[in-house]
Structure formats: structure tokens, C-alpha cells
>>> print(open('upload28.pdb').read())   # PDB, C-alpha atoms
MODEL        1
ATOM      1  CA  MET A   1       3.400 -20.488 -41.795
ATOM      2  CA  ASN A   2       6.532 -18.930 -40.348
ATOM      3  CA  SER A   3       6.585 -15.140 -40.870
ATOM      4  CA  ASN A   4      10.077 -15.506 -42.384
ATOM      5  CA  THR A   5       8.851 -18.027 -44.937
ATOM      6  CA  PRO A   6       7.915 -16.392 -48.253
ATOM      7  CA  ALA A   7       4.305 -16.835 -49.302
ATOM      8  CA  PRO A   8       3.841 -19.508 -51.964
ATOM      9  CA  LYS A   9       3.746 -18.180 -55.517
ATOM     10  CA  LEU A  10       2.889 -19.532 -58.914
ATOM     11  CA  SER A  11       5.787 -20.003 -61.316
ATOM     12  CA  ASP A  12       5.888 -18.166 -64.640
ATOM     13  CA  ASP A  13       5.368 -21.492 -66.417
ATOM     14  CA  VAL A  14       2.152 -22.181 -64.477
ATOM     15  CA  ILE A  15       0.901 -18.624 -65.016
ATOM     16  CA  ASN A  16       1.469 -18.889 -68.761
ATOM     17  CA  GLN A  17      -0.550 -22.124 -68.919
ATOM     18  CA  ILE A  18      -3.591 -20.862 -66.975
ATOM     19  CA  LYS A  19      -3.711 -17.088 -67.513
ATOM     20  CA  ASP A  20      -6.107 -17.228 -70.454
ATOM     21  CA  PHE A  21      -8.609 -19.677 -69.003
ATOM     22  CA  PRO A  22     -12.161 -18.273 -68.983
ATOM     23  CA  PHE A  23     -13.340 -16.822 -65.703
ATOM     24  CA  VAL A  24     -16.604 -15.457 -64.398
ATOM     25  CA  HIS A  25     -16.675 -14.922 -60.624
ATOM     26  CA  ASN A  26     -18.722 -17.574 -58.807
ATOM     27  CA  PHE A  27     -19.122 -19.613 -62.006
ATOM     28  CA  TYR A  28     -15.696 -21.256 -62.100
ATOM     29  CA  ASP A  29     -16.987 -24.792 -62.617
ATOM     30  CA  ASP A  30     -19.341 -23.811 -65.440
ATOM     31  CA  HIS A  31     -16.742 -22.103 -67.626
ATOM     32  CA  LEU A  32     -13.838 -24.541 -67.662
ATOM     33  CA  THR A  33     -13.493 -27.843 -69.437
ATOM     34  CA  GLU A  34     -12.734 -30.946 -67.408
ATOM     35  CA  GLU A  35      -9.257 -30.917 -68.947
ATOM     36  CA  GLN A  36      -8.666 -27.321 -67.768
ATOM     37  CA  LYS A  37      -9.879 -28.180 -64.253
ATOM     38  CA  SER A  38      -7.559 -31.176 -64.083
ATOM     39  CA  LEU A  39      -4.653 -29.102 -65.329
ATOM     40  CA  ILE A  40      -5.277 -26.480 -62.635
ATOM     41  CA  ASP A  41      -5.363 -29.170 -59.950
ATOM     42  CA  GLU A  42      -2.106 -30.602 -61.300
ATOM     43  CA  LEU A  43      -0.288 -27.290 -61.819
ATOM     44  CA  ILE A  44      -1.311 -25.701 -58.520
ATOM     45  CA  PRO A  45      -0.743 -28.299 -55.796
ATOM     46  CA  ASN A  46      -0.890 -25.676 -53.037
ATOM     47  CA  GLU A  47      -4.532 -25.734 -51.929
ATOM     48  CA  GLU A  48      -4.641 -22.094 -50.803
ATOM     49  CA  LEU A  49      -3.244 -20.800 -54.113
ATOM     50  CA  ARG A  50      -5.518 -23.099 -56.106
ATOM     51  CA  GLU A  51      -8.637 -21.902 -54.257
ATOM     52  CA  ARG A  52      -7.588 -18.250 -54.582
ATOM     53  CA  TYR A  53      -7.103 -18.751 -58.319
ATOM     54  CA  LYS A  54     -10.474 -20.482 -58.677
ATOM     55  CA  ASN A  55     -12.313 -17.832 -56.667
ATOM     56  CA  TYR A  56     -10.533 -14.597 -57.556
ATOM     57  CA  ARG A  57      -8.412 -15.202 -60.665
ATOM     58  CA  LEU A  58      -4.939 -13.752 -61.250
ATOM     59  CA  CYS A  59      -3.861 -10.225 -60.368
ATOM     60  CA  GLU A  60      -3.487  -8.167 -63.541
ATOM     61  CA  GLU A  61      -0.294  -6.605 -62.184
ATOM     62  CA  CYS A  62       1.736  -9.424 -60.607
ATOM     63  CA  SER A  63      -0.070 -12.456 -62.116
ATOM     64  CA  GLN A  64      -0.402 -14.145 -58.720
ATOM     65  CA  PRO A  65      -3.811 -15.280 -57.416
ATOM     66  CA  ASN A  66      -5.792 -12.452 -55.855
ATOM     67  CA  ILE A  67      -6.635 -12.810 -52.184
ATOM     68  CA  GLY A  68     -10.248 -11.619 -52.485
ATOM     69  CA  ALA A  69     -12.736  -9.547 -54.443
ATOM     70  CA  PHE A  70     -15.517  -6.999 -54.014
ATOM     71  CA  ASN A  71     -18.269  -7.208 -56.633
ATOM     72  CA  ASN A  72     -15.763  -8.737 -59.062
ATOM     73  CA  TYR A  73     -13.134  -6.085 -58.266
ATOM     74  CA  PRO A  74     -10.058  -8.141 -57.318
ATOM     75  CA  TRP A  75      -7.889  -7.549 -54.234
ATOM     76  CA  CYS A  76      -4.185  -8.375 -54.412
ATOM     77  CA  GLN A  77      -2.595  -7.792 -51.006
ATOM     78  CA  SER A  78       0.931  -7.645 -52.378
ATOM     79  CA  CYS A  79       0.203  -5.077 -55.106
ATOM     80  CA  ASN A  80      -2.198  -3.030 -53.001
ATOM     81  CA  SER A  81       0.377  -2.779 -50.205
ATOM     82  CA  LYS A  82       2.776  -1.259 -52.737
ATOM     83  CA  HIS A  83       0.129   1.236 -53.868
ATOM     84  CA  PHE A  84      -0.531   2.276 -50.265
ATOM     85  CA  GLN A  85       3.201   2.678 -49.606
ATOM     86  CA  GLN A  86       3.537   4.968 -52.611
ATOM     87  CA  ASP A  87       0.953   7.282 -51.016
ATOM     88  CA  PHE A  88       2.401   7.374 -47.488
ATOM     89  CA  ASN A  89       4.123  10.696 -48.168
ATOM     90  CA  LYS A  90       0.922  12.260 -49.562
ATOM     91  CA  TRP A  91      -1.001  12.410 -46.278
ATOM     92  CA  THR A  92      -0.506  12.816 -42.538
ATOM     93  CA  SER A  93      -2.648  13.152 -39.464
ATOM     94  CA  SER A  94       0.191  15.188 -37.909
ATOM     95  CA  ASN A  95       0.494  12.438 -35.299
ATOM     96  CA  LYS A  96       3.250   9.873 -35.936
ATOM     97  CA  GLU A  97       1.541   7.110 -33.922
ATOM     98  CA  ILE A  98      -1.745   7.517 -35.783
ATOM     99  CA  ASP A  99       0.028   7.607 -39.158
ATOM    100  CA  GLU A 100       1.931   4.402 -38.368
ATOM    101  CA  PHE A 101      -1.246   2.751 -37.091
ATOM    102  CA  ILE A 102      -3.120   3.560 -40.342
ATOM    103  CA  GLN A 103      -0.148   2.518 -42.489
ATOM    104  CA  LYS A 104       0.065  -0.838 -40.716
ATOM    105  CA  PHE A 105      -3.622  -1.501 -41.427
ATOM    106  CA  GLN A 106      -3.157  -0.540 -45.075
ATOM    107  CA  LEU A 107      -0.157  -2.811 -45.565
ATOM    108  CA  ASN A 108      -1.926  -5.771 -43.967
ATOM    109  CA  ALA A 109      -5.381  -5.324 -45.546
ATOM    110  CA  THR A 110      -6.623  -8.496 -47.208
ATOM    111  CA  ARG A 111      -9.869  -6.898 -48.422
ATOM    112  CA  TYR A 112     -11.272  -3.430 -48.830
ATOM    113  CA  GLU A 113     -13.180  -3.571 -45.517
ATOM    114  CA  GLU A 114      -9.869  -3.638 -43.627
ATOM    115  CA  VAL A 115      -8.508  -0.416 -45.137
ATOM    116  CA  LEU A 116      -8.128   2.565 -42.812
ATOM    117  CA  GLU A 117      -7.473   6.026 -44.219
ATOM    118  CA  TRP A 118      -6.743   9.487 -42.872
ATOM    119  CA  ILE A 119      -9.459  11.691 -44.347
ATOM    120  CA  PRO A 120      -9.066  15.478 -44.187
ATOM    121  CA  TYR A 121     -12.151  17.294 -42.909
ATOM    122  CA  GLU A 122     -12.632  19.127 -46.228
ATOM    123  CA  LYS A 123     -13.342  15.770 -47.903
ATOM    124  CA  PHE A 124     -16.716  15.671 -46.104
ATOM    125  CA  LYS A 125     -19.779  17.609 -47.324
ATOM    126  CA  ASP A 126     -23.294  18.181 -46.012
ATOM    127  CA  ILE A 127     -22.220  17.605 -42.400
ATOM    128  CA  LYS A 128     -25.257  17.394 -40.109
ATOM    129  CA  TYR A 129     -25.234  17.104 -36.324
ATOM    130  CA  LEU A 130     -27.005  13.981 -35.014
ATOM    131  CA  ALA A 131     -26.248  13.599 -31.297
ATOM    132  CA  LYS A 132     -23.857  14.229 -28.425
ATOM    133  CA  GLY A 133     -22.356  11.432 -26.361
ATOM    134  CA  GLY A 134     -19.945  11.080 -23.466
ATOM    135  CA  PHE A 135     -16.815  11.115 -25.638
ATOM    136  CA  GLY A 136     -17.852  13.502 -28.401
ATOM    137  CA  THR A 137     -20.478  14.316 -30.994
ATOM    138  CA  VAL A 138     -21.936  12.295 -33.851
ATOM    139  CA  HIS A 139     -22.599  13.728 -37.295
ATOM    140  CA  LYS A 140     -23.827  12.473 -40.649
ATOM    141  CA  ALA A 141     -21.833  13.534 -43.742
ATOM    142  CA  PHE A 142     -21.176  12.733 -47.375
ATOM    143  CA  TRP A 143     -17.631  11.452 -48.015
ATOM    144  CA  VAL A 144     -16.686  13.099 -51.316
ATOM    145  CA  ASP A 145     -14.006  10.625 -52.427
ATOM    146  CA  GLY A 146     -15.519   7.618 -50.714
ATOM    147  CA  TYR A 147     -13.876   4.445 -49.508
ATOM    148  CA  ILE A 148     -11.369   2.383 -51.443
ATOM    149  CA  HIS A 149     -12.688  -0.850 -52.893
ATOM    150  CA  SER A 150     -10.006  -1.807 -55.430
ATOM    151  CA  TRP A 151      -7.084  -0.645 -57.550
ATOM    152  CA  ASP A 152      -7.951   0.524 -61.069
ATOM    153  CA  ILE A 153      -4.982  -0.703 -63.097
ATOM    154  CA  ASP A 154      -6.065   1.177 -66.243
ATOM    155  CA  GLN A 155      -6.272   4.547 -64.475
ATOM    156  CA  ASN A 156      -3.451   3.812 -62.021
ATOM    157  CA  LYS A 157      -5.481   4.922 -59.009
ATOM    158  CA  TRP A 158      -7.850   3.640 -56.347
ATOM    159  CA  SER A 159     -11.439   2.944 -57.344
ATOM    160  CA  ARG A 160     -13.722   4.384 -54.706
ATOM    161  CA  TYR A 161     -17.339   4.223 -53.656
ATOM    162  CA  ASN A 162     -18.749   7.370 -52.102
ATOM    163  CA  GLU A 163     -21.733   7.484 -49.773
ATOM    164  CA  ASP A 164     -23.135   9.025 -46.623
ATOM    165  CA  ILE A 165     -21.191   8.093 -43.500
ATOM    166  CA  VAL A 166     -21.292   8.735 -39.766
ATOM    167  CA  LEU A 167     -18.558  10.907 -38.233
ATOM    168  CA  LYS A 168     -17.678  10.660 -34.572
ATOM    169  CA  CYS A 169     -15.869  13.777 -33.349
ATOM    170  CA  LEU A 170     -13.957  12.842 -30.209
ATOM    171  CA  ASN A 171     -13.340  15.235 -27.327
ATOM    172  CA  ASN A 172      -9.608  15.813 -26.685
ATOM    173  CA  SER A 173      -8.668  13.828 -29.790
ATOM    174  CA  GLN A 174      -5.222  15.475 -29.869
ATOM    175  CA  ASN A 175      -4.380  13.326 -26.818
ATOM    176  CA  LEU A 176      -4.969   9.944 -28.468
ATOM    177  CA  THR A 177      -2.694   7.208 -27.177
ATOM    178  CA  THR A 178      -1.471   3.921 -28.537
ATOM    179  CA  ASP A 179      -3.785   2.187 -26.047
ATOM    180  CA  PHE A 180      -6.766   4.012 -27.566
ATOM    181  CA  LEU A 181      -5.676   2.987 -31.081
ATOM    182  CA  GLN A 182      -5.365  -0.649 -29.973
ATOM    183  CA  GLU A 183      -8.904  -0.402 -28.583
ATOM    184  CA  VAL A 184     -10.098   0.888 -31.969
ATOM    185  CA  CYS A 185      -8.283  -2.002 -33.626
ATOM    186  CA  THR A 186      -9.993  -4.497 -31.337
ATOM    187  CA  VAL A 187     -13.428  -3.017 -32.043
ATOM    188  CA  VAL A 188     -12.822  -2.844 -35.803
ATOM    189  CA  CYS A 189     -11.583  -6.438 -35.906
ATOM    190  CA  ILE A 190     -14.620  -7.722 -34.016
ATOM    191  CA  TYR A 191     -16.944  -6.551 -36.780
ATOM    192  CA  TYR A 192     -15.185  -8.590 -39.475
TER     193      TYR A 192
ENDMDL
END
>>> encode(input="upload28.pdb", output="C-alpha cells")
Amino acid sequence: MNSNTPAPKLSDDVINQIKDFPFVHNFYDDHLTEEQKSLIDELIPNEELRERYKNYRLCEECSQPNIGAFNNYPWCQSCNSKHFQQDFNKWTSSNKEIDEFIQKFQLNATRYEEVLEWIPYEKFKDIKYLAKGGFGTVHKAFWVDGYIHSWDIDQNKWSRYNEDIVLKCLNNSQNLTTDFLQEVCTVVCIYY
């Protein structure tokens, strides 16, 4: 698809006809009548939209098919990008290149695993030294807020999952370059 071409969307008429169909993640075929399944196939000719609807249902905010889900928590790229943008002025790494790098990842995230965040040091507890390497030191810590996994529409905030994590403290990190950030991007992308 051309980057200037708008992403396909469901019309209001289609949304109104399918929005109340029963849905249980991973049990799509067991909860719809044959008539409902046929109607979905007829109303949503775009295969990508149809599969997103079948697998992830409609976003509660924009009523378009979600792009993914985590343990039944839906992910709407369009709405989540807006939520990230609203928070851009609430944090900074004090490095414009790093901020822009993180913001780009947030705007393009299609699932929670792709979200990068700037986390202030005080958001980590129980920090324990593990090892020293050539580029810095490695620690174990508890991330108080935890990582984002979805948007909680009722509470109007990110739902998070907190857990122990590994921190890598880099030597001379104030001298990070765009090349280094691209290297991080390459490594991060390889794992997904």
C-alpha cells in the first residue's frame, strides 16, 4: 500500500450492523451463527480488515478493527498513537534524538512488545548489581509502573504489567548517536 493511501476503514453502516455480534477471543467460529458469518464476509470485503475484526474485534474508541491483542486486551494502533502523542510533553530524556527515536517507535507500535518508553531512574526499585561488561554494567530491578500492554478506556490511562527487569547501564551514555539508536532498533526488531 502506498504510504499516501489512507488505511481501509469500516463504514458507520457496517459498524452498526456488526458491533453487537458476540465475541470471545480465539472462539470466533463458535459464537456466531452462519448468517452472522456470511454477513461479515459480505460487509467486510477487505480481507485484512475482516481478519482483524474476526481476531481482535472492534476498538471501543474508534470502532475500527483492532490490529492485535495481548491476553484479550485489544491494541488499536490509531488510538494508541494518539494516546502516546498526548504524553509526549510529559517526559524527556533531555536528548532530542533519543526522544524522537522513542516517539517514532510509540507512534508505529502495532503491539505492546514494540513500545519503547523513557523510564526515569526513580521508577526502578530493588536495584541489584549483576555483572560488568565491556560497555557498562548489568543490574536487576523491579519496574514500579511496569510496561504498557493496552489502553484502559474506562480509566483513561495505560494498563501496565510490572515485573523484575534487567537494566543495562551504558558507559558514556550521554554521547549516544543516531547510529547507536539505529543499532538498538535493529537488535530490537530482530527479536520480534
>>> resolve_selection(input="upload28.pdb", expression="the PyMOL selection byres ((chain A and resi 59) around 10)", output="PyMOL selection string")
chain A and resi 19+53+56-58+60-67+74-79+153
>>> residues_around(input="upload28.pdb", residues="Arg160 of chain A", least_positions_apart="5", cutoff="12 Å", atoms="all atoms listed in the file", output="list in words")
Phe70, Tyr73, Tyr112, Val115, Trp143, Val144, Asp145, Gly146, Tyr147, Ile148, His149, Ser150, Trp151 and Asp152 of chain A
>>> resolve_selection(input="upload28.pdb", expression="the PyMOL selection byres ((chain A and resi 119-121) around 9)", output="VMD selection string")
chain A and resid 91 93 117 to 118 122 to 125 143
>>> atom_distance(input="upload28.pdb", atom1="atom CA of Asn46 of chain A", atom2="atom CA of Ser81 of chain A")
23.1 Å
>>> residues_near_point(input="upload28.pdb", point="(-5.0, 2.0, -50.2)", cutoff="7 Å", atoms="all atoms listed in the file", output="ChimeraX atom specification")
/A:80,83-84,106,115,148,158
>>> write_last_selection(input="upload28.pdb", atoms="C-alpha atoms", output="compact mmCIF listing (two decimals), in the coordinates of the input")
# COMPACT_ATOMS: atom_id res chain seq x y z
CA ASN A 80 -2.20 -3.03 -53.00
CA HIS A 83 0.13 1.24 -53.87
CA PHE A 84 -0.53 2.28 -50.26
CA GLN A 106 -3.16 -0.54 -45.08
CA VAL A 115 -8.51 -0.42 -45.14
CA ILE A 148 -11.37 2.38 -51.44
CA TRP A 158 -7.85 3.64 -56.35
>>> resolve_selection(input="upload28.pdb", expression="the PyMOL selection byres ((chain A and resi 15) around 10)", output="list in words")
Lys9, Leu10, Ser11, Asp12, Asp13, Val14, Asn16, Gln17, Ile18, Lys19, Asp20, Leu43, Ile44, Leu58, Ser63, Gln64 and Pro65 of chain A
>>> closest_residue(input="upload28.pdb", among="A:Ala109, A:Gly68, A:Ala141, A:Gln36", to="Glu51 of chain A", atoms="all atoms listed in the file")
A:Gly68
>>> residues_around(input="upload28.pdb", residues="Leu130 of chain A", least_positions_apart="6", cutoff="10 Å", atoms="only C-alpha atoms", output="VMD selection string")
chain A and resid 137 to 140 166 to 168
>>> atom_distance(input="upload28.pdb", atom1="atom CA of Asn171 of chain A", atom2="atom CA of Asp87 of chain A")
28.8 Å
>>> closest_residue(input="upload28.pdb", among="A:Ala131, A:Asp126, A:Glu34, A:Pro8", to="Glu163 of chain A", atoms="all atoms listed in the file")
A:Asp126
>>> axis_aligned_box(input="upload28.pdb", around="segment 137-148 of chain A", padding_each_side="3 Å", output="AutoDock Vina command-line options")
--center_x -17.6 --center_y 8.3 --center_z -41.7 --size_x 18.5 --size_y 17.9 --size_z 27.4
>>> atom_distance(input="upload28.pdb", atom1="atom CA of Pro22 of chain A", atom2="atom CA of Asn72 of chain A")
14.2 Å
>>> closest_residue(input="upload28.pdb", among="A:Phe135, A:Tyr129, A:Tyr161, A:Phe21", to="Lys37 of chain A", atoms="all atoms listed in the file")
A:Phe21
>>> closest_residue(input="upload28.pdb", among="A:Ser159, A:Leu39, A:Asp154, A:Leu49", to="Ala7 of chain A", atoms="all atoms listed in the file")
A:Leu49
>>> build_atoms(input="upload28.pdb", residues="segment 48-59 of chain A", atoms="all heavy atoms", output="PDB file, in the coordinates of the input")
ATOM      1  N   GLU A  48      -4.267 -23.501 -50.982  1.00  0.00           N
ATOM      2  CA  GLU A  48      -4.641 -22.094 -50.803  1.00  0.00           C
ATOM      3  C   GLU A  48      -4.537 -21.327 -52.123  1.00  0.00           C
ATOM      4  O   GLU A  48      -5.452 -20.604 -52.512  1.00  0.00           O
ATOM      5  CB  GLU A  48      -3.762 -21.418 -49.750  1.00  0.00           C
ATOM      6  CG  GLU A  48      -4.078 -19.933 -49.585  1.00  0.00           C
ATOM      7  CD  GLU A  48      -3.032 -19.175 -48.788  1.00  0.00           C
ATOM      8  OE1 GLU A  48      -2.124 -19.797 -48.195  1.00  0.00           O
ATOM      9  OE2 GLU A  48      -3.129 -17.944 -48.778  1.00  0.00           O
ATOM     10  N   LEU A  49      -3.416 -21.485 -52.827  1.00  0.00           N
ATOM     11  CA  LEU A  49      -3.244 -20.800 -54.113  1.00  0.00           C
ATOM     12  C   LEU A  49      -4.281 -21.253 -55.130  1.00  0.00           C
ATOM     13  O   LEU A  49      -4.829 -20.443 -55.881  1.00  0.00           O
ATOM     14  CB  LEU A  49      -1.843 -21.051 -54.670  1.00  0.00           C
ATOM     15  CG  LEU A  49      -0.693 -20.273 -54.053  1.00  0.00           C
ATOM     16  CD1 LEU A  49       0.630 -20.690 -54.699  1.00  0.00           C
ATOM     17  CD2 LEU A  49      -0.893 -18.785 -54.186  1.00  0.00           C
ATOM     18  N   ARG A  50      -4.546 -22.554 -55.156  1.00  0.00           N
ATOM     19  CA  ARG A  50      -5.518 -23.099 -56.106  1.00  0.00           C
ATOM     20  C   ARG A  50      -6.907 -22.509 -55.856  1.00  0.00           C
ATOM     21  O   ARG A  50      -7.592 -22.070 -56.778  1.00  0.00           O
ATOM     22  CB  ARG A  50      -5.550 -24.628 -56.018  1.00  0.00           C
ATOM     23  CG  ARG A  50      -6.402 -25.272 -57.094  1.00  0.00           C
ATOM     24  CD  ARG A  50      -6.299 -26.793 -57.112  1.00  0.00           C
ATOM     25  NE  ARG A  50      -6.603 -27.405 -55.830  1.00  0.00           N
ATOM     26  CZ  ARG A  50      -5.715 -28.009 -55.046  1.00  0.00           C
ATOM     27  NH1 ARG A  50      -4.448 -28.098 -55.400  1.00  0.00           N
ATOM     28  NH2 ARG A  50      -6.081 -28.540 -53.901  1.00  0.00           N
ATOM     29  N   GLU A  51      -7.322 -22.455 -54.586  1.00  0.00           N
ATOM     30  CA  GLU A  51      -8.637 -21.902 -54.257  1.00  0.00           C
ATOM     31  C   GLU A  51      -8.705 -20.404 -54.549  1.00  0.00           C
ATOM     32  O   GLU A  51      -9.719 -19.898 -55.023  1.00  0.00           O
ATOM     33  CB  GLU A  51      -9.001 -22.185 -52.798  1.00  0.00           C
ATOM     34  CG  GLU A  51      -9.316 -23.645 -52.529  1.00  0.00           C
ATOM     35  CD  GLU A  51     -10.393 -24.191 -53.467  1.00  0.00           C
ATOM     36  OE1 GLU A  51     -11.483 -23.590 -53.569  1.00  0.00           O
ATOM     37  OE2 GLU A  51     -10.129 -25.236 -54.110  1.00  0.00           O
ATOM     38  N   ARG A  52      -7.617 -19.682 -54.259  1.00  0.00           N
ATOM     39  CA  ARG A  52      -7.588 -18.250 -54.582  1.00  0.00           C
ATOM     40  C   ARG A  52      -7.703 -18.036 -56.090  1.00  0.00           C
ATOM     41  O   ARG A  52      -8.416 -17.153 -56.552  1.00  0.00           O
ATOM     42  CB  ARG A  52      -6.323 -17.598 -54.025  1.00  0.00           C
ATOM     43  CG  ARG A  52      -6.406 -17.379 -52.522  1.00  0.00           C
ATOM     44  CD  ARG A  52      -5.152 -16.848 -51.884  1.00  0.00           C
ATOM     45  NE  ARG A  52      -4.389 -15.922 -52.693  1.00  0.00           N
ATOM     46  CZ  ARG A  52      -3.087 -15.696 -52.514  1.00  0.00           C
ATOM     47  NH1 ARG A  52      -2.409 -16.315 -51.568  1.00  0.00           N
ATOM     48  NH2 ARG A  52      -2.458 -14.838 -53.276  1.00  0.00           N
ATOM     49  N   TYR A  53      -7.004 -18.864 -56.862  1.00  0.00           N
ATOM     50  CA  TYR A  53      -7.103 -18.751 -58.319  1.00  0.00           C
ATOM     51  C   TYR A  53      -8.540 -19.033 -58.775  1.00  0.00           C
ATOM     52  O   TYR A  53      -9.109 -18.291 -59.575  1.00  0.00           O
ATOM     53  CB  TYR A  53      -6.132 -19.700 -59.014  1.00  0.00           C
ATOM     54  CG  TYR A  53      -6.398 -19.769 -60.503  1.00  0.00           C
ATOM     55  CD1 TYR A  53      -5.995 -18.723 -61.337  1.00  0.00           C
ATOM     56  CD2 TYR A  53      -7.089 -20.842 -61.060  1.00  0.00           C
ATOM     57  CE1 TYR A  53      -6.271 -18.765 -62.697  1.00  0.00           C
ATOM     58  CE2 TYR A  53      -7.363 -20.881 -62.414  1.00  0.00           C
ATOM     59  CZ  TYR A  53      -6.965 -19.849 -63.230  1.00  0.00           C
ATOM     60  OH  TYR A  53      -7.256 -19.874 -64.568  1.00  0.00           O
ATOM     61  N   LYS A  54      -9.115 -20.111 -58.266  1.00  0.00           N
ATOM     62  CA  LYS A  54     -10.474 -20.482 -58.677  1.00  0.00           C
ATOM     63  C   LYS A  54     -11.492 -19.399 -58.313  1.00  0.00           C
ATOM     64  O   LYS A  54     -12.410 -19.133 -59.084  1.00  0.00           O
ATOM     65  CB  LYS A  54     -10.883 -21.807 -58.017  1.00  0.00           C
ATOM     66  CG  LYS A  54     -10.191 -23.011 -58.584  1.00  0.00           C
ATOM     67  CD  LYS A  54     -10.631 -24.265 -57.828  1.00  0.00           C
ATOM     68  CE  LYS A  54      -9.989 -25.514 -58.365  1.00  0.00           C
ATOM     69  NZ  LYS A  54     -10.438 -26.724 -57.633  1.00  0.00           N
ATOM     70  N   ASN A  55     -11.323 -18.806 -57.145  1.00  0.00           N
ATOM     71  CA  ASN A  55     -12.313 -17.832 -56.667  1.00  0.00           C
ATOM     72  C   ASN A  55     -12.083 -16.408 -57.148  1.00  0.00           C
ATOM     73  O   ASN A  55     -13.046 -15.656 -57.335  1.00  0.00           O
ATOM     74  CB  ASN A  55     -12.360 -17.837 -55.140  1.00  0.00           C
ATOM     75  CG  ASN A  55     -12.947 -19.107 -54.592  1.00  0.00           C
ATOM     76  OD1 ASN A  55     -13.901 -19.650 -55.136  1.00  0.00           O
ATOM     77  ND2 ASN A  55     -12.352 -19.614 -53.531  1.00  0.00           N
ATOM     78  N   TYR A  56     -10.816 -16.019 -57.320  1.00  0.00           N
ATOM     79  CA  TYR A  56     -10.533 -14.597 -57.556  1.00  0.00           C
ATOM     80  C   TYR A  56      -9.648 -14.314 -58.765  1.00  0.00           C
ATOM     81  O   TYR A  56      -9.300 -13.174 -59.001  1.00  0.00           O
ATOM     82  CB  TYR A  56      -9.893 -13.984 -56.304  1.00  0.00           C
ATOM     83  CG  TYR A  56     -10.682 -14.260 -55.049  1.00  0.00           C
ATOM     84  CD1 TYR A  56     -10.116 -14.990 -54.010  1.00  0.00           C
ATOM     85  CD2 TYR A  56     -11.982 -13.817 -54.901  1.00  0.00           C
ATOM     86  CE1 TYR A  56     -10.825 -15.255 -52.853  1.00  0.00           C
ATOM     87  CE2 TYR A  56     -12.706 -14.079 -53.757  1.00  0.00           C
ATOM     88  CZ  TYR A  56     -12.121 -14.797 -52.735  1.00  0.00           C
ATOM     89  OH  TYR A  56     -12.827 -15.054 -51.596  1.00  0.00           O
ATOM     90  N   ARG A  57      -9.236 -15.331 -59.462  1.00  0.00           N
ATOM     91  CA  ARG A  57      -8.412 -15.202 -60.665  1.00  0.00           C
ATOM     92  C   ARG A  57      -7.034 -14.630 -60.366  1.00  0.00           C
ATOM     93  O   ARG A  57      -6.635 -14.499 -59.233  1.00  0.00           O
ATOM     94  CB  ARG A  57      -9.154 -14.370 -61.707  1.00  0.00           C
ATOM     95  CG  ARG A  57      -8.655 -14.478 -63.123  1.00  0.00           C
ATOM     96  CD  ARG A  57      -8.676 -15.910 -63.651  1.00  0.00           C
ATOM     97  NE  ARG A  57      -7.832 -16.093 -64.790  1.00  0.00           N
ATOM     98  CZ  ARG A  57      -8.260 -16.310 -66.011  1.00  0.00           C
ATOM     99  NH1 ARG A  57      -9.527 -16.371 -66.257  1.00  0.00           N
ATOM    100  NH2 ARG A  57      -7.395 -16.483 -66.976  1.00  0.00           N
ATOM    101  N   LEU A  58      -6.291 -14.269 -61.418  1.00  0.00           N
ATOM    102  CA  LEU A  58      -4.939 -13.752 -61.250  1.00  0.00           C
ATOM    103  C   LEU A  58      -4.937 -12.225 -61.220  1.00  0.00           C
ATOM    104  O   LEU A  58      -5.696 -11.579 -61.941  1.00  0.00           O
ATOM    105  CB  LEU A  58      -4.045 -14.217 -62.407  1.00  0.00           C
ATOM    106  CG  LEU A  58      -3.835 -15.716 -62.552  1.00  0.00           C
ATOM    107  CD1 LEU A  58      -2.999 -16.012 -63.794  1.00  0.00           C
ATOM    108  CD2 LEU A  58      -3.191 -16.306 -61.319  1.00  0.00           C
ATOM    109  N   CYS A  59      -4.059 -11.672 -60.413  1.00  0.00           N
ATOM    110  CA  CYS A  59      -3.861 -10.225 -60.368  1.00  0.00           C
ATOM    111  C   CYS A  59      -3.348  -9.763 -61.730  1.00  0.00           C
ATOM    112  O   CYS A  59      -2.446 -10.379 -62.299  1.00  0.00           O
ATOM    113  CB  CYS A  59      -2.855  -9.877 -59.270  1.00  0.00           C
ATOM    114  SG  CYS A  59      -2.350  -8.145 -59.262  1.00  0.00           S
TER     115      CYS A  59
END
